[in-house]
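To be precise, the following lines are query-v3.tsv, and they hold TSV, C-alpha atoms and all ligand atoms.
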chain	number	residue	atom	x	y	z
A	477	MET	CA	-3.04	-24.59	-7.58
A	478	ALA	CA	-0.79	-24.69	-4.50
A	479	LEU	CA	0.08	-21.37	-2.87
A	480	GLN	CA	3.52	-20.06	-3.73
A	481	LYS	CA	4.45	-17.46	-1.12
A	482	LEU	CA	1.50	-16.59	1.10
A	483	PRO	CA	2.33	-18.99	3.98
A	484	SER	CA	5.96	-17.87	4.33
A	485	LEU	CA	5.18	-14.16	3.83
A	486	ALA	CA	2.30	-14.23	6.33
A	487	ARG	CA	4.69	-15.81	8.84
A	488	GLU	CA	7.53	-13.32	8.19
A	489	LEU	CA	5.46	-10.15	7.89
A	490	LEU	CA	2.65	-10.82	10.35
A	491	GLY	CA	3.75	-13.73	12.54
A	492	LEU	CA	0.74	-15.61	11.22
A	493	GLU	CA	0.94	-19.40	10.84
A	494	LEU	CA	-1.62	-20.53	8.26
A	495	SER	CA	-3.04	-24.04	8.85
A	496	PRO	CA	-3.23	-26.54	5.96
A	497	GLU	CA	-7.02	-25.96	5.88
A	498	GLN	CA	-6.55	-22.20	5.63
A	499	CYS	CA	-4.00	-22.66	2.80
A	500	THR	CA	-6.48	-24.85	0.91
A	501	ALA	CA	-9.19	-22.22	1.40
A	502	PHE	CA	-6.93	-19.46	0.01
A	503	GLU	CA	-6.11	-21.68	-2.99
A	504	ARG	CA	-9.82	-22.21	-3.70
A	505	TYR	CA	-10.49	-18.47	-3.31
A	506	SER	CA	-7.78	-17.68	-5.86
A	507	GLU	CA	-9.15	-20.24	-8.33
A	508	ALA	CA	-12.70	-18.93	-7.97
A	509	LEU	CA	-11.50	-15.35	-8.47
A	510	ILE	CA	-9.66	-16.25	-11.67
A	511	THR	CA	-12.57	-18.29	-13.05
A	512	TRP	CA	-15.30	-15.73	-12.28
A	513	ASN	CA	-13.11	-12.91	-13.53
A	514	LYS	CA	-12.88	-14.60	-16.93
A	515	THR	CA	-16.45	-15.73	-17.27
A	516	ARG	CA	-18.91	-13.88	-15.09
A	517	ALA	CA	-17.83	-10.59	-13.57
A	518	ASN	CA	-15.09	-8.02	-13.78
A	519	LEU	CA	-13.72	-8.52	-10.28
A	520	THR	CA	-10.02	-7.72	-10.34
A	521	ALA	CA	-7.26	-6.42	-12.60
A	522	ILE	CA	-4.82	-8.73	-10.79
A	523	ASN	CA	-5.21	-12.10	-12.45
A	524	ASP	CA	-2.05	-14.07	-11.78
A	525	PRO	CA	-1.92	-16.43	-8.79
A	526	LEU	CA	1.18	-14.84	-7.20
A	527	GLY	CA	-0.26	-11.34	-7.64
A	528	ILE	CA	-3.47	-12.50	-5.95
A	529	GLU	CA	-1.48	-13.98	-3.04
A	530	ILE	CA	0.51	-10.81	-2.40
A	531	ARG	CA	-1.59	-7.90	-3.59
A	532	HIS	CA	-4.96	-9.25	-2.47
A	533	PHE	CA	-4.54	-11.84	0.29
A	534	LEU	CA	-1.38	-10.62	2.05
A	535	ASP	CA	-2.30	-6.95	1.59
A	536	SER	CA	-5.71	-7.63	3.19
A	537	LEU	CA	-4.10	-9.45	6.12
A	538	THR	CA	-1.79	-6.49	6.89
A	539	VAL	CA	-4.75	-4.93	8.74
A	540	LEU	CA	-3.65	-7.28	11.55
A	541	LYS	CA	-0.52	-5.13	11.94
A	542	ALA	CA	-2.74	-2.41	13.34
A	543	VAL	CA	-5.62	-4.16	15.11
A	544	THR	CA	-6.40	-7.38	16.94
A	545	LEU	CA	-9.71	-9.03	16.08
A	546	PRO	CA	-11.11	-10.71	19.18
A	547	VAL	CA	-13.85	-13.34	19.03
A	548	GLY	CA	-17.21	-11.63	18.64
A	549	ALA	CA	-15.83	-8.39	17.15
A	550	LYS	CA	-18.24	-6.85	14.63
A	551	VAL	CA	-16.37	-5.96	11.44
A	552	ILE	CA	-17.68	-4.42	8.20
A	553	ASP	CA	-15.80	-4.11	4.91
A	554	VAL	CA	-17.16	-1.20	2.85
A	555	GLY	CA	-16.97	-1.50	-0.96
A	556	THR	CA	-15.49	-4.95	-0.58
A	557	GLY	CA	-15.58	-5.86	-4.30
A	558	ALA	CA	-14.31	-9.43	-4.49
A	559	GLY	CA	-13.93	-9.56	-0.69
A	560	PHE	CA	-10.87	-7.45	0.12
A	561	PRO	CA	-9.80	-6.95	2.81
A	562	GLY	CA	-12.73	-8.45	4.77
A	563	LEU	CA	-12.88	-12.06	3.63
A	564	PRO	CA	-9.16	-12.93	4.08
A	565	LEU	CA	-9.40	-11.41	7.59
A	566	ARG	CA	-12.42	-13.61	8.37
A	567	MET	CA	-10.53	-16.66	7.06
A	568	VAL	CA	-7.74	-16.21	9.62
A	569	CYS	CA	-9.96	-14.81	12.43
A	570	PRO	CA	-13.04	-17.06	12.23
A	571	GLY	CA	-14.48	-15.72	15.51
A	572	ILE	CA	-15.39	-12.30	14.10
A	573	HIS	CA	-18.85	-11.32	12.83
A	574	LEU	CA	-18.16	-10.09	9.31
A	575	SER	CA	-20.43	-7.96	7.13
A	576	LEU	CA	-19.46	-7.37	3.50
A	577	LEU	CA	-20.98	-4.24	2.00
A	578	GLU	CA	-20.99	-3.85	-1.77
A	579	ALA	CA	-23.15	-1.75	-4.09
A	580	THR	CA	-22.84	-4.04	-7.15
A	581	GLY	CA	-25.14	-7.07	-7.22
A	582	LYS	CA	-22.83	-9.20	-9.41
A	583	LYS	CA	-20.06	-8.85	-6.85
A	584	ILE	CA	-22.42	-9.86	-4.05
A	585	ALA	CA	-23.21	-13.02	-6.08
A	586	PHE	CA	-19.48	-13.81	-6.24
A	587	LEU	CA	-19.05	-13.15	-2.51
A	588	GLU	CA	-21.90	-15.50	-1.60
A	589	HIS	CA	-20.37	-18.16	-3.82
A	590	VAL	CA	-16.81	-17.78	-2.57
A	591	ALA	CA	-17.82	-17.69	1.11
A	592	GLY	CA	-19.16	-21.22	0.52
A	593	VAL	CA	-16.01	-22.24	-1.33
A	594	VAL	CA	-13.74	-21.15	1.53
A	595	LYS	CA	-16.17	-22.52	4.15
A	596	ALA	CA	-16.75	-19.21	5.92
A	597	PRO	CA	-20.32	-19.38	7.23
A	598	ASN	CA	-22.48	-16.68	8.86
A	599	ILE	CA	-21.18	-13.77	6.83
A	600	GLU	CA	-23.68	-10.97	6.28
A	601	PHE	CA	-23.87	-9.71	2.67
A	602	ILE	CA	-25.22	-6.19	2.31
A	603	ASN	CA	-26.11	-5.07	-1.20
A	604	LEU	CA	-26.37	-1.34	-0.51
A	605	ARG	CA	-24.41	1.82	-0.99
A	606	ALA	CA	-22.42	2.98	2.03
A	607	GLU	CA	-24.52	6.16	2.14
A	608	GLU	CA	-27.68	4.04	2.54
A	609	ALA	CA	-26.19	1.65	5.11
A	610	GLY	CA	-24.91	4.57	7.19
A	611	GLN	CA	-28.48	5.87	7.60
A	612	ASP	CA	-29.97	2.40	8.24
A	613	PRO	CA	-30.53	1.68	11.97
A	614	ARG	CA	-29.44	-1.95	11.42
A	615	TYR	CA	-25.93	-0.77	10.54
A	616	ARG	CA	-25.46	2.78	11.84
A	617	GLU	CA	-22.82	2.94	14.60
A	618	LYS	CA	-22.97	-0.85	15.03
A	619	PHE	CA	-19.40	-1.95	14.15
A	620	ASP	CA	-16.23	-2.23	16.24
A	621	LEU	CA	-14.07	-2.09	13.13
A	622	VAL	CA	-14.84	-0.61	9.70
A	623	VAL	CA	-12.35	-1.38	6.93
A	624	ALA	CA	-12.03	-0.36	3.28
A	625	ARG	CA	-9.53	-0.57	0.45
A	626	ALA	CA	-9.53	1.27	-2.89
A	627	VAL	CA	-13.02	2.73	-2.57
A	628	ALA	CA	-12.69	6.53	-2.48
A	629	GLN	CA	-10.45	9.44	-1.51
A	630	MET	CA	-10.16	9.96	2.25
A	631	PRO	CA	-12.64	12.87	2.72
A	632	ILE	CA	-15.31	10.85	0.85
A	633	LEU	CA	-14.33	7.58	2.49
A	634	ALA	CA	-14.60	9.14	5.95
A	635	GLU	CA	-18.28	9.87	5.22
A	636	TYR	CA	-18.80	6.24	4.15
A	637	LEU	CA	-16.98	4.66	7.12
A	638	LEU	CA	-17.41	6.76	10.26
A	639	PRO	CA	-21.26	6.62	10.41
A	640	LEU	CA	-21.04	2.80	10.58
A	641	CYS	CA	-18.50	2.77	13.42
A	642	LYS	CA	-19.43	2.51	17.13
A	643	ILE	CA	-18.16	5.27	19.40
A	644	GLY	CA	-14.86	3.88	20.71
A	645	GLY	CA	-14.43	1.73	17.58
A	646	ARG	CA	-11.96	2.20	14.76
A	647	CYS	CA	-11.85	2.61	11.01
A	648	VAL	CA	-8.90	1.29	9.01
A	649	ALA	CA	-8.41	2.51	5.44
A	650	LEU	CA	-5.82	0.73	3.26
A	651	LYS	CA	-4.10	3.41	1.21
A	652	GLY	CA	-1.16	3.86	-1.16
A	653	GLU	CA	1.58	6.51	-1.36
A	654	SER	CA	-0.97	9.33	-1.24
A	655	ALA	CA	-2.05	8.43	2.30
A	656	ALA	CA	-0.48	11.40	4.12
A	657	ALA	CA	-1.84	13.95	1.62
A	658	GLU	CA	-5.28	12.34	1.66
A	659	VAL	CA	-5.39	12.37	5.44
A	660	ALA	CA	-4.39	16.04	5.53
A	661	SER	CA	-7.26	16.85	3.17
A	662	ALA	CA	-9.71	14.92	5.35
A	663	GLU	CA	-9.05	16.63	8.70
A	664	GLN	CA	-12.27	18.63	8.54
A	665	ALA	CA	-14.29	15.54	7.49
A	666	PHE	CA	-12.96	13.57	10.47
A	667	ARG	CA	-13.86	16.42	12.82
A	668	ILE	CA	-17.42	16.80	11.45
A	669	LEU	CA	-18.11	13.05	11.47
A	670	GLY	CA	-16.79	12.29	14.97
A	671	GLY	CA	-13.42	10.80	14.02
A	672	ARG	CA	-9.80	11.40	15.00
A	673	LEU	CA	-6.74	10.23	13.10
A	674	THR	CA	-4.60	8.13	15.41
A	675	GLN	CA	-1.94	6.55	13.23
A	676	LEU	CA	-0.50	6.00	9.76
A	677	VAL	CA	1.16	2.58	9.64
A	678	PRO	CA	3.56	2.04	6.72
A	679	ILE	CA	3.46	-1.40	5.09
A	680	GLU	CA	6.09	-2.80	2.71
A	681	LEU	CA	4.89	-5.72	0.61
A	682	PRO	CA	7.56	-7.90	-1.02
A	683	GLY	CA	7.87	-7.15	-4.73
A	684	VAL	CA	5.58	-4.12	-4.51
A	685	ALA	CA	7.43	-0.86	-5.14
A	686	GLU	CA	5.12	1.61	-3.45
A	687	THR	CA	4.70	1.77	0.32
A	688	HIS	CA	1.17	1.08	1.51
A	689	TYR	CA	-0.33	2.69	4.61
A	690	LEU	CA	-2.98	1.74	7.10
A	691	VAL	CA	-4.86	4.87	8.08
A	692	ILE	CA	-6.29	4.35	11.57
A	693	ILE	CA	-9.15	6.59	12.65
A	694	GLN	CA	-10.72	6.43	16.10
A	695	LYS	CA	-14.44	7.16	16.44
A	696	THR	CA	-14.58	9.58	19.35
A	697	ALA	CA	-18.06	11.12	19.08
A	698	ALA	CA	-21.44	10.36	17.50
A	699	THR	CA	-21.81	11.22	13.82
A	700	PRO	CA	-24.41	13.99	13.30
A	701	LEU	CA	-27.67	12.56	11.92
A	702	ASN	CA	-27.43	14.39	8.60
A	703	TYR	CA	-24.36	12.27	7.66
A	704	PRO	CA	-23.85	10.35	5.47
A	705	ARG	CA	-25.63	12.56	2.96
A	706	ARG	CA	-27.74	11.06	0.18
A	707	PRO	CA	-26.08	8.59	-2.27
A	708	GLY	CA	-23.66	10.29	-4.61
A	709	LEU	CA	-23.38	13.53	-2.63
A	710	PRO	CA	-20.24	12.62	-0.61
A	711	SER	CA	-18.30	12.05	-3.83
A	712	LYS	CA	-19.84	15.01	-5.65
A	713	LYS	CA	-19.25	17.45	-2.78
A	714	PRO	CA	-16.60	15.97	-0.45
A	715	LEU	CA	-16.55	17.49	3.04
A	716	GLU	CA	-13.91	20.17	3.36
A	801	LIG	N1	-12.18	-3.26	-1.75
A	801	LIG	C1	-11.99	-4.07	-2.93
A	801	LIG	C2	-10.52	-4.25	-3.22
A	801	LIG	O1	-9.70	-3.57	-2.61
A	801	LIG	O2	-10.18	-5.09	-4.07
A	801	LIG	C3	-12.71	-3.49	-4.14
A	801	LIG	C4	-12.15	-2.19	-4.64
A	801	LIG	S1	-13.06	-1.58	-6.05
A	801	LIG	C5	-11.87	-0.55	-6.80
A	801	LIG	C6	-14.21	-0.46	-5.30
A	801	LIG	C7	-15.50	-1.15	-4.89
A	801	LIG	O3	-16.25	-0.28	-4.06
A	801	LIG	C8	-16.38	-1.51	-6.08
A	801	LIG	O4	-16.75	-2.87	-5.99
A	801	LIG	C9	-17.58	-0.59	-5.95
A	801	LIG	O5	-18.78	-1.19	-6.40
A	801	LIG	C10	-17.60	-0.33	-4.44
A	801	LIG	N2	-18.17	0.96	-4.07
A	801	LIG	C11	-17.80	2.19	-4.51
A	801	LIG	N3	-18.53	3.14	-3.92
A	801	LIG	C12	-19.38	2.51	-3.08
A	801	LIG	C13	-20.41	2.97	-2.18
A	801	LIG	N4	-20.68	4.26	-2.06
A	801	LIG	N5	-21.08	2.04	-1.47
A	801	LIG	C14	-20.81	0.71	-1.61
A	801	LIG	N6	-19.87	0.23	-2.43
A	801	LIG	C15	-19.16	1.12	-3.16

Taking this structure as input, can you express it in the form of structure tokens?
Ligand code: SAM
Amino acid sequence: MALQKLPSLARELLGLELSPEQCTAFERYSEALITWNKTRANLTAINDPLGIEIRHFLDSLTVLKAVTLPVGAKVIDVGTGAGFPGLPLRMVCPGIHLSLLEATGKKIAFLEHVAGVVKAPNIEFINLRAEEAGQDPRYREKFDLVVARAVAQMPILAEYLLPLCKIGGRCVALKGESAAAEVASAEQAFRILGGRLTQLVPIELPGVAETHYLVIIQKTAATPLNYPRRPGLPSKKPLE
């Protein structure tokens, strides 16, 4: 089905001109999401095409309000689910090296399928928990940009994201109205893990009542080797 609002909203909100090929790819992504959601995996509560365009695709692309993604940048999306925000970013910035990290195997199967559908080759799919990836030398402190949406509260999320980020790199967490309170509760976690909050960027999405925020954290120092702790511990005993 043809896109309804994504091309005009991406232009107005982000100054982003989607090509006809990119529009087709987003249409196919939406169709695959709806089909798999019905038949194979519980991927998203947002099922209508316009909701998918605004709350998944456009919301994912708002990361570009805070960062530029140069060719060759190494980007990882932690707890990506059905690919958000990482895959839409890769679709408009094809020069990045994208890794999609997701603990659930069924979702990885969808991601592998949909990457083919949208013709986005050379994506790395990592079927691990963030706590495992953060202690794995293949991934630890290897990424220029670490992104995540709707995965965990900020003190827990900091322990998932910061170990994966290079010193000098950035983490961007997509958050809702609770962003400022979450960030305040994560100050100690940032300090322990080698991060520093640099900015909270408010985002208004058309037709969405609540303000969203991009939480930008700079990685300023190496993460101590004992973080992330073993799987499950960050959420059971968040750093405080
Ligand atoms: N980021 C996607 C989005 O915004 O649509 C998915 C959000 S979904 C609510 C949270 C996802 O994070 C789930 O797919 C879950 O399996 C994954 N997840 C939660 N904790 C995780 C962890 N510790 N490591 C890896 N994935 C995790």

Pick out the residues no farther than 10 Å from ligand LIG 801 (chain A), counting all atoms listed in the file, and list them as a short mmCIF file (atom, residue, chain, number, x, y, z; two decimals) with C-alpha atoms, in the coordinates of the input.
data_model
loop_
_atom_site.label_atom_id
_atom_site.label_comp_id
_atom_site.auth_asym_id
_atom_site.auth_seq_id
_atom_site.Cartn_x
_atom_site.Cartn_y
_atom_site.Cartn_z
CA ASN A 518 -15.09 -8.02 -13.78
CA LEU A 519 -13.72 -8.52 -10.28
CA THR A 520 -10.02 -7.72 -10.34
CA ALA A 521 -7.26 -6.42 -12.60
CA ILE A 522 -4.82 -8.73 -10.79
CA ARG A 531 -1.59 -7.90 -3.59
CA HIS A 532 -4.96 -9.25 -2.47
CA PHE A 533 -4.54 -11.84 0.29
CA ASP A 535 -2.30 -6.95 1.59
CA SER A 536 -5.71 -7.63 3.19
CA ASP A 553 -15.80 -4.11 4.91
CA VAL A 554 -17.16 -1.20 2.85
CA GLY A 555 -16.97 -1.50 -0.96
CA THR A 556 -15.49 -4.95 -0.58
CA GLY A 557 -15.58 -5.86 -4.30
CA ALA A 558 -14.31 -9.43 -4.49
CA GLY A 559 -13.93 -9.56 -0.69
CA PHE A 560 -10.87 -7.45 0.12
CA PRO A 561 -9.80 -6.95 2.81
CA GLY A 562 -12.73 -8.45 4.77
CA LEU A 576 -19.46 -7.37 3.50
CA LEU A 577 -20.98 -4.24 2.00
CA GLU A 578 -20.99 -3.85 -1.77
CA ALA A 579 -23.15 -1.75 -4.09
CA THR A 580 -22.84 -4.04 -7.15
CA GLY A 581 -25.14 -7.07 -7.22
CA LYS A 582 -22.83 -9.20 -9.41
CA LYS A 583 -20.06 -8.85 -6.85
CA ILE A 584 -22.42 -9.86 -4.05
CA ILE A 602 -25.22 -6.19 2.31
CA ASN A 603 -26.11 -5.07 -1.20
CA LEU A 604 -26.37 -1.34 -0.51
CA ARG A 605 -24.41 1.82 -0.99
CA ALA A 606 -22.42 2.98 2.03
CA GLU A 607 -24.52 6.16 2.14
CA GLU A 608 -27.68 4.04 2.54
CA ALA A 609 -26.19 1.65 5.11
CA GLY A 610 -24.91 4.57 7.19
CA VAL A 623 -12.35 -1.38 6.93
CA ALA A 624 -12.03 -0.36 3.28
CA ARG A 625 -9.53 -0.57 0.45
CA ALA A 626 -9.53 1.27 -2.89
CA VAL A 627 -13.02 2.73 -2.57
CA ALA A 628 -12.69 6.53 -2.48
CA ILE A 632 -15.31 10.85 0.85
CA LEU A 633 -14.33 7.58 2.49
CA GLU A 635 -18.28 9.87 5.22
CA TYR A 636 -18.80 6.24 4.15
CA LEU A 637 -16.98 4.66 7.12
CA ALA A 649 -8.41 2.51 5.44
CA LEU A 650 -5.82 0.73 3.26
CA LYS A 651 -4.10 3.41 1.21
CA PRO A 707 -26.08 8.59 -2.27
CA GLY A 708 -23.66 10.29 -4.61
CA LEU A 709 -23.38 13.53 -2.63
CA PRO A 710 -20.24 12.62 -0.61
CA SER A 711 -18.30 12.05 -3.83
#

Top pick for closest residue to A:Glu507, considering A:Val594, A:Leu540, A:Leu482, A:Val551 and counting only C-alpha atoms
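The shortest atom-to-atom distance to A:Glu507 comes from A:Val594.
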
I'd like to know which of A:Phe586, A:Asn598, A:Leu537, A:Glu653 is closest to A:Asn513, using all atoms listed in the file.
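Checking each of A:Phe586, A:Asn598, A:Leu537, A:Glu653 against A:Asn513, counting all atoms listed in the file, the winner is A:Phe586.
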
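Nearest-residue note for A:Phe601: choosing from A:Leu638, A:Leu526, A:Val568, A:Leu563, the minimum distance belongs to A:Leu563, counting only C-alpha atoms.
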
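Taking atom CA of A:Leu681 as the reference point, atom CA of A:Cys569 is found at 21.0 Å.
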
Determine the axis-aligned bounding box of all atoms of stretch 513-529 of chain A present in the file, pad each side by 6 Å, and express its centre and edge lengths in Å to one decimal place as AutoDock Vina command-line options.
--center_x -8.9 --center_y -11.4 --center_z -10.2 --size_x 32.1 --size_y 22.0 --size_z 26.2

Could you tell me which of A:Gly652, A:Pro613, A:Gly527, A:Pro483 comes closest to A:His688 if we count all atoms listed in the file?
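Comparing A:Gly652, A:Pro613, A:Gly527, A:Pro483 against A:His688, the winner is A:Gly652.
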
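Distances from A:Ala549, A:Met567, A:Leu715, A:Trp512 to A:Ser495 were compared using all atoms listed in the file, and the smallest one belongs to A:Met567.
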
For atom CA of A:Val677 and atom CA of A:Gly491, quote the distance in Å rounded to one decimal.
16.8 Å

Any idea what's packed within 12 Å of stretch 499-503 of chain A, counting only C-alpha atoms, ignoring anything in its chain fewer than 5 positions away? Could you give it as a ChimeraX atom specification?
/A:477-484,486,492-494,508-510,525-526,528-530,532-534,563-568,590-596

Expected file: the selected residues, C-alpha atoms, as a PDB file, in the coordinates of the input:
ATOM      1  CA  MET A 477      -3.040 -24.590  -7.580  1.00  0.00           C
ATOM      2  CA  ALA A 478      -0.790 -24.690  -4.500  1.00  0.00           C
ATOM      3  CA  LEU A 479       0.080 -21.370  -2.870  1.00  0.00           C
ATOM      4  CA  GLN A 480       3.520 -20.060  -3.730  1.00  0.00           C
ATOM      5  CA  LYS A 481       4.450 -17.460  -1.120  1.00  0.00           C
ATOM      6  CA  LEU A 482       1.500 -16.590   1.100  1.00  0.00           C
ATOM      7  CA  PRO A 483       2.330 -18.990   3.980  1.00  0.00           C
ATOM      8  CA  SER A 484       5.960 -17.870   4.330  1.00  0.00           C
ATOM      9  CA  ALA A 486       2.300 -14.230   6.330  1.00  0.00           C
ATOM     10  CA  LEU A 492       0.740 -15.610  11.220  1.00  0.00           C
ATOM     11  CA  GLU A 493       0.940 -19.400  10.840  1.00  0.00           C
ATOM     12  CA  LEU A 494      -1.620 -20.530   8.260  1.00  0.00           C
ATOM     13  CA  ALA A 508     -12.700 -18.930  -7.970  1.00  0.00           C
ATOM     14  CA  LEU A 509     -11.500 -15.350  -8.470  1.00  0.00           C
ATOM     15  CA  ILE A 510      -9.660 -16.250 -11.670  1.00  0.00           C
ATOM     16  CA  PRO A 525      -1.920 -16.430  -8.790  1.00  0.00           C
ATOM     17  CA  LEU A 526       1.180 -14.840  -7.200  1.00  0.00           C
ATOM     18  CA  ILE A 528      -3.470 -12.500  -5.950  1.00  0.00           C
ATOM     19  CA  GLU A 529      -1.480 -13.980  -3.040  1.00  0.00           C
ATOM     20  CA  ILE A 530       0.510 -10.810  -2.400  1.00  0.00           C
ATOM     21  CA  HIS A 532      -4.960  -9.250  -2.470  1.00  0.00           C
ATOM     22  CA  PHE A 533      -4.540 -11.840   0.290  1.00  0.00           C
ATOM     23  CA  LEU A 534      -1.380 -10.620   2.050  1.00  0.00           C
ATOM     24  CA  LEU A 563     -12.880 -12.060   3.630  1.00  0.00           C
ATOM     25  CA  PRO A 564      -9.160 -12.930   4.080  1.00  0.00           C
ATOM     26  CA  LEU A 565      -9.400 -11.410   7.590  1.00  0.00           C
ATOM     27  CA  ARG A 566     -12.420 -13.610   8.370  1.00  0.00           C
ATOM     28  CA  MET A 567     -10.530 -16.660   7.060  1.00  0.00           C
ATOM     29  CA  VAL A 568      -7.740 -16.210   9.620  1.00  0.00           C
ATOM     30  CA  VAL A 590     -16.810 -17.780  -2.570  1.00  0.00           C
ATOM     31  CA  ALA A 591     -17.820 -17.690   1.110  1.00  0.00           C
ATOM     32  CA  GLY A 592     -19.160 -21.220   0.520  1.00  0.00           C
ATOM     33  CA  VAL A 593     -16.010 -22.240  -1.330  1.00  0.00           C
ATOM     34  CA  VAL A 594     -13.740 -21.150   1.530  1.00  0.00           C
ATOM     35  CA  LYS A 595     -16.170 -22.520   4.150  1.00  0.00           C
ATOM     36  CA  ALA A 596     -16.750 -19.210   5.920  1.00  0.00           C
TER      37      ALA A 596
END

Please compute the atom CA of A:Arg706-atom CA of A:Tyr615 distance, one decimal, in Å.
15.8 Å

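Non-sequential neighbours of stretch 629-631 of chain A (distance at most 6 Å, separation of 2 or more positions within a chain, all atoms listed in the file) are Leu633, Ala634, Glu658, Ala662, Ala665 and Pro714 of chain A.
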
6 Å contact set for A:Lys642, all atoms listed in the file, chain neighbours under 4 positions out, as number ranges by chain:
A: 617-620

Would you mind telling me which residue in A:Thr538, A:Asn702, A:Gln694, A:Ser661 lies nearest to A:Pro678 when using all atoms listed in the file?
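Looking only at the distances to A:Pro678, the closest residue turns out to be A:Thr538.
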
Please provide the set of residues having any atom within 10 Å of A:Thr511, restricted to only C-alpha atoms, with same-chain residues fewer than 6 positions apart removed, written as a ChimeraX atom specification.
/A:505,517,523

Please identify all polymer residues lying at most 8 Å from the point (-20.4, 4.8, 18.1) (file coordinates), using only C-alpha atoms, and present the result as a list in words.
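Those residues, ordered by chain and then number, are Glu617, Lys618, Phe619, Pro639, Leu640, Cys641, Lys642, Ile643, Gly644, Gly645, Lys695, Thr696, Ala697, Ala698 and Thr699 of chain A.
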
Same residues, C-alpha atoms, saved as a JSON list (two decimals), keeping the file's coordinate frame:
[["chain", "number", "residue", "atom", "x", "y", "z"],
["A", 617, "GLU", "CA", -22.82, 2.94, 14.60],
["A", 618, "LYS", "CA", -22.97, -0.85, 15.03],
["A", 619, "PHE", "CA", -19.40, -1.95, 14.15],
["A", 639, "PRO", "CA", -21.26, 6.62, 10.41],
["A", 640, "LEU", "CA", -21.04, 2.80, 10.58],
["A", 641, "CYS", "CA", -18.50, 2.77, 13.42],
["A", 642, "LYS", "CA", -19.43, 2.51, 17.13],
["A", 643, "ILE", "CA", -18.16, 5.27, 19.40],
["A", 644, "GLY", "CA", -14.86, 3.88, 20.71],
["A", 645, "GLY", "CA", -14.43, 1.73, 17.58],
["A", 695, "LYS", "CA", -14.44, 7.16, 16.44],
["A", 696, "THR", "CA", -14.58, 9.58, 19.35],
["A", 697, "ALA", "CA", -18.06, 11.12, 19.08],
["A", 698, "ALA", "CA", -21.44, 10.36, 17.50],
["A", 699, "THR", "CA", -21.81, 11.22, 13.82]]
